[in-house]
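Notes follow once the structure below has been shown.
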Amino acid sequence: MTPVEIIVVALIKVALIILVVLTACAYSTLAERKLVSWFQQRIGPNLAGPWGLLQPLADGVKLAFKEDIRPERAEKVFYTLSPVIAFVPALLTFAVIPFGPAIEIGGRQVDLALSDLNVGVLFIFAITSLGVYGIILAGWSSGSKYSLLGGLRSSAQLISYEVAYGLTILGVILLAQTFSLKELALQQDGFWGMYVWKQPLGFLLFIICAVAETNRAPFDMAEAESELVAGYHTEYSSMRFATFFIGEYANMIAVSSVATTIFLGGWRAPFAFLPEYGLWGVVWFALKVGFFMFFYVWLRATLPRFRYDQLMNFGWKFLFPVALLNVMVTAAVVLWSSDQL
Amino acid sequence: MPIVVDKNRPTDFVKTPDRTALDSSVWGMLKTTALALPVGFATVFKHLFRRANTVQYPFTKRPMFPRYRGLHYLERYEDGTERCTCCGLCAAACPADAIYMEPMENEKGERLAKVYEINMIRCIFCGFCEEACPEEAIFLGQEYEFSKDNRDAFIYPKELLLVKHPRPERPVKDLWRRLRRMF
């Protein structure tokens, strides 16, 4: 491919990814509301369009037409900036996630991934941690005590979870000997090839940390609507609030995609006899991500919110040591089974 | 006023084990995770397949109870003449002072109401007017959807309250009324 073609293809991919991710965000709000309703034996949104399918659109239009209020005591610059800081990293994550195998379009080999960084996993960890700055800054710059408390909680949560979050991945990295997400997906053949079975403990810990990382129930203390009004976005309205909201869902999808790629084989078919060429890869990928999104909602419907000190205890005294142990054991096994001893 | 301090007040309470506290030791966490969580998740998952209890209100309405006290109506005799004689007993019984009436006579010399207004904002729907009425003229019906966007519209004149045609007997309510009269 010529350089021009490469740029054009990349731009098309970027546009497609943003479009698909934003639509997925919008519809995961609907899916969440529907699922939570069913868990609680309610019906959920069903009036906007058939089966409530236009509800995200209605929500979007409503939010866009709301008055944009900025409190007098807010820090102008950071107040405006923080929704963007919360939202952009979530989208950036998708730059390194492989959605499918390389397909042929008009005689050109096109990878169904924006890029294949050889340090993709590190990139993701660097980027997802940035999103928390949006929350902390929003809490601080709003000039409201509830927002500030939400932001403080978020930063405390970040510190106690980030360490364990990184360590949970390390087990897989040790086994796979690569940081590239594309390589990780390629290594996982069929059902039993998935890294879940080789790293079950790592997978569990990763899921717990991922929920804490995305500020979702039961770790949604930064929001905690029953304690802090709405936490860090108490003072936000209109599209600024919508940006936070989309950011939260984009983050959920991003983390689900990472979990899918690292532990469930990404775009690879879940069973060896199923097809995985071309767009089938995208189908399997979407299904696996959907499974995680369902789990998020299931979790939210099941568990009450953790108390602040419980969370810190859990993070430091349980997750961190167990994750460390997992890494140690994995490293020992890898070393023992290799010829380097 | 001096603050009275109970000298006998126990200062060291017996510490009861807090059964709701989360065991924060590693073993406690493991126990909670391994035993309690699957039960909780399974319970919630089961509810996913249960029927919703929702009544989709504006589209489907639940029937009201026979003795429900909703919007008032004024009854007619079977020949179509008004039962209300404007005696004023309902207005006297009304604890909210929501009923206003002015009497008149028709061509046969019978007494009936010229003006009969109920202020639905004042009304507390206690049913005392129904109770007090000697002519079985005023009843509290089943209607409860009468919100409006201006306060004047809540003063219901006789034309709005009077039924177009006499309604059939309402056995339950009438039986209850007779029982109340007896005791």
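Residues are named by chain letter and number: chains run A, B, ... in the order of the structure tokens, numbers start at 1 in each chain, and ligands are numbered from 1 in the order shown.
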- Residue hits in chain B, query chain A, radius 7 Å, only C-alpha atoms, as JSON, numbers by chain: {"B": [24, 26, 40, 41, 44, 47, 48, 50, 51, 52, 53, 54]}
Could you please take those selected residues and save C-alpha atoms as a PDB file, in the first residue's frame?
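As written to disk, selection17.pdb reads:
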ATOM      1  CA  SER B  24     -11.393  -8.128  56.315  1.00  0.00           C
ATOM      2  CA  VAL B  26      -7.677 -12.673  53.732  1.00  0.00           C
ATOM      3  CA  GLY B  40     -26.392 -14.033  45.477  1.00  0.00           C
ATOM      4  CA  PHE B  41     -25.661 -14.052  41.773  1.00  0.00           C
ATOM      5  CA  VAL B  44     -30.586 -12.339  41.046  1.00  0.00           C
ATOM      6  CA  HIS B  47     -35.321 -13.014  38.730  1.00  0.00           C
ATOM      7  CA  LEU B  48     -34.360 -12.246  35.155  1.00  0.00           C
ATOM      8  CA  ARG B  50     -39.818 -13.726  36.216  1.00  0.00           C
ATOM      9  CA  ARG B  51     -42.803 -11.794  34.911  1.00  0.00           C
ATOM     10  CA  ALA B  52     -42.777  -8.059  35.497  1.00  0.00           C
ATOM     11  CA  ASN B  53     -45.265  -6.744  38.021  1.00  0.00           C
ATOM     12  CA  THR B  54     -45.604  -3.417  36.251  1.00  0.00           C
TER      13      THR B  54
END
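Using only C-alpha atoms, the protein and nucleic acid residues lying no more than 7 Å from A:Ser141, apart from those fewer than 4 places from it along its own chain, are Ala74, Glu75, Phe78, Tyr79 and Leu137 of chain A.
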Could those residues be written to a file, using N, CA and C atoms, as an mmCIF file, in the first residue's frame?
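Everything below was put into result.cif:
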data_model
loop_
_atom_site.group_PDB
_atom_site.id
_atom_site.type_symbol
_atom_site.label_atom_id
_atom_site.label_comp_id
_atom_site.auth_asym_id
_atom_site.auth_seq_id
_atom_site.Cartn_x
_atom_site.Cartn_y
_atom_site.Cartn_z
ATOM 1 N N ALA A 74 -17.026 27.413 40.259
ATOM 2 C CA ALA A 74 -16.261 26.384 39.548
ATOM 3 C C ALA A 74 -14.994 26.970 38.943
ATOM 4 N N GLU A 75 -13.960 26.126 38.858
ATOM 5 C CA GLU A 75 -12.738 26.516 38.153
ATOM 6 C C GLU A 75 -13.006 26.357 36.674
ATOM 7 N N PHE A 78 -10.694 23.855 34.223
ATOM 8 C CA PHE A 78 -10.734 22.428 34.514
ATOM 9 C C PHE A 78 -12.153 21.894 34.491
ATOM 10 N N TYR A 79 -13.094 22.764 34.855
ATOM 11 C CA TYR A 79 -14.496 22.356 34.806
ATOM 12 C C TYR A 79 -14.892 21.997 33.380
ATOM 13 N N LEU A 137 -10.463 15.776 38.634
ATOM 14 C CA LEU A 137 -10.506 17.209 38.301
ATOM 15 C C LEU A 137 -11.935 17.737 38.317
#
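Comparing A:Gly120, A:Gly49, A:Gly202, A:Pro270 by their smallest distance to A:Ala95, the closest is A:Gly120 (using only C-alpha atoms).
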- Task: Mind checking which residues fall within 10 Å of B:Phe125, counting only C-alpha atoms, ignoring those fewer than 6 positions away in the same chain, and posting them as an MDAnalysis selection string?
- Result: chainID B and resid 68:72 94 96 140
- Write out as number ranges by chain all residues of stretch 67-309 of chain A that DSSP puts in strand (DSSP E) for this structure's backbone. A: 100-105, 108-112
Selection from above, N, CA and C atoms, as an mmCIF file, in the first residue's frame, can you write it?
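File written: again-v4.cif
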data_model
loop_
_atom_site.group_PDB
_atom_site.id
_atom_site.type_symbol
_atom_site.label_atom_id
_atom_site.label_comp_id
_atom_site.auth_asym_id
_atom_site.auth_seq_id
_atom_site.Cartn_x
_atom_site.Cartn_y
_atom_site.Cartn_z
ATOM 1 N N GLY A 100 -10.680 -8.114 14.799
ATOM 2 C CA GLY A 100 -10.832 -9.281 13.944
ATOM 3 C C GLY A 100 -9.539 -9.547 13.200
ATOM 4 N N PRO A 101 -9.512 -10.597 12.409
ATOM 5 C CA PRO A 101 -8.315 -10.921 11.636
ATOM 6 C C PRO A 101 -8.158 -9.953 10.459
ATOM 7 N N ALA A 102 -7.053 -10.055 9.759
ATOM 8 C CA ALA A 102 -6.862 -9.229 8.563
ATOM 9 C C ALA A 102 -7.819 -9.696 7.476
ATOM 10 N N ILE A 103 -8.508 -8.751 6.843
ATOM 11 C CA ILE A 103 -9.399 -9.137 5.748
ATOM 12 C C ILE A 103 -8.937 -8.465 4.468
ATOM 13 N N GLU A 104 -9.404 -9.009 3.327
ATOM 14 C CA GLU A 104 -8.981 -8.464 2.051
ATOM 15 C C GLU A 104 -10.078 -7.591 1.466
ATOM 16 N N ILE A 105 -9.795 -6.302 1.257
ATOM 17 C CA ILE A 105 -10.763 -5.402 0.631
ATOM 18 C C ILE A 105 -10.103 -4.814 -0.604
ATOM 19 N N ARG A 108 -6.389 -5.352 -1.043
ATOM 20 C CA ARG A 108 -5.475 -4.897 0.009
ATOM 21 C C ARG A 108 -5.738 -5.686 1.284
ATOM 22 N N GLN A 109 -4.668 -6.011 1.988
ATOM 23 C CA GLN A 109 -4.809 -6.645 3.295
ATOM 24 C C GLN A 109 -5.099 -5.562 4.332
ATOM 25 N N VAL A 110 -6.259 -5.631 4.965
ATOM 26 C CA VAL A 110 -6.585 -4.626 5.977
ATOM 27 C C VAL A 110 -6.743 -5.313 7.320
ATOM 28 N N ASP A 111 -5.935 -4.887 8.281
ATOM 29 C CA ASP A 111 -6.044 -5.413 9.634
ATOM 30 C C ASP A 111 -7.278 -4.827 10.301
ATOM 31 N N LEU A 112 -8.075 -5.674 10.969
ATOM 32 C CA LEU A 112 -9.228 -5.131 11.687
ATOM 33 C C LEU A 112 -8.801 -4.649 13.075
#
- Task: Using atom CA of A:Ile97 and atom CA of A:Ile18 as the two end points, give the distance in Å to one decimal.
- Result: 13.0 Å
- Item | Spatial neighbours of stretch 148-154 of chain B, 6 Å, only C-alpha atoms, chain gap at least 2 places, as a list in words | Asn119, Met120 and Tyr156 of chain B
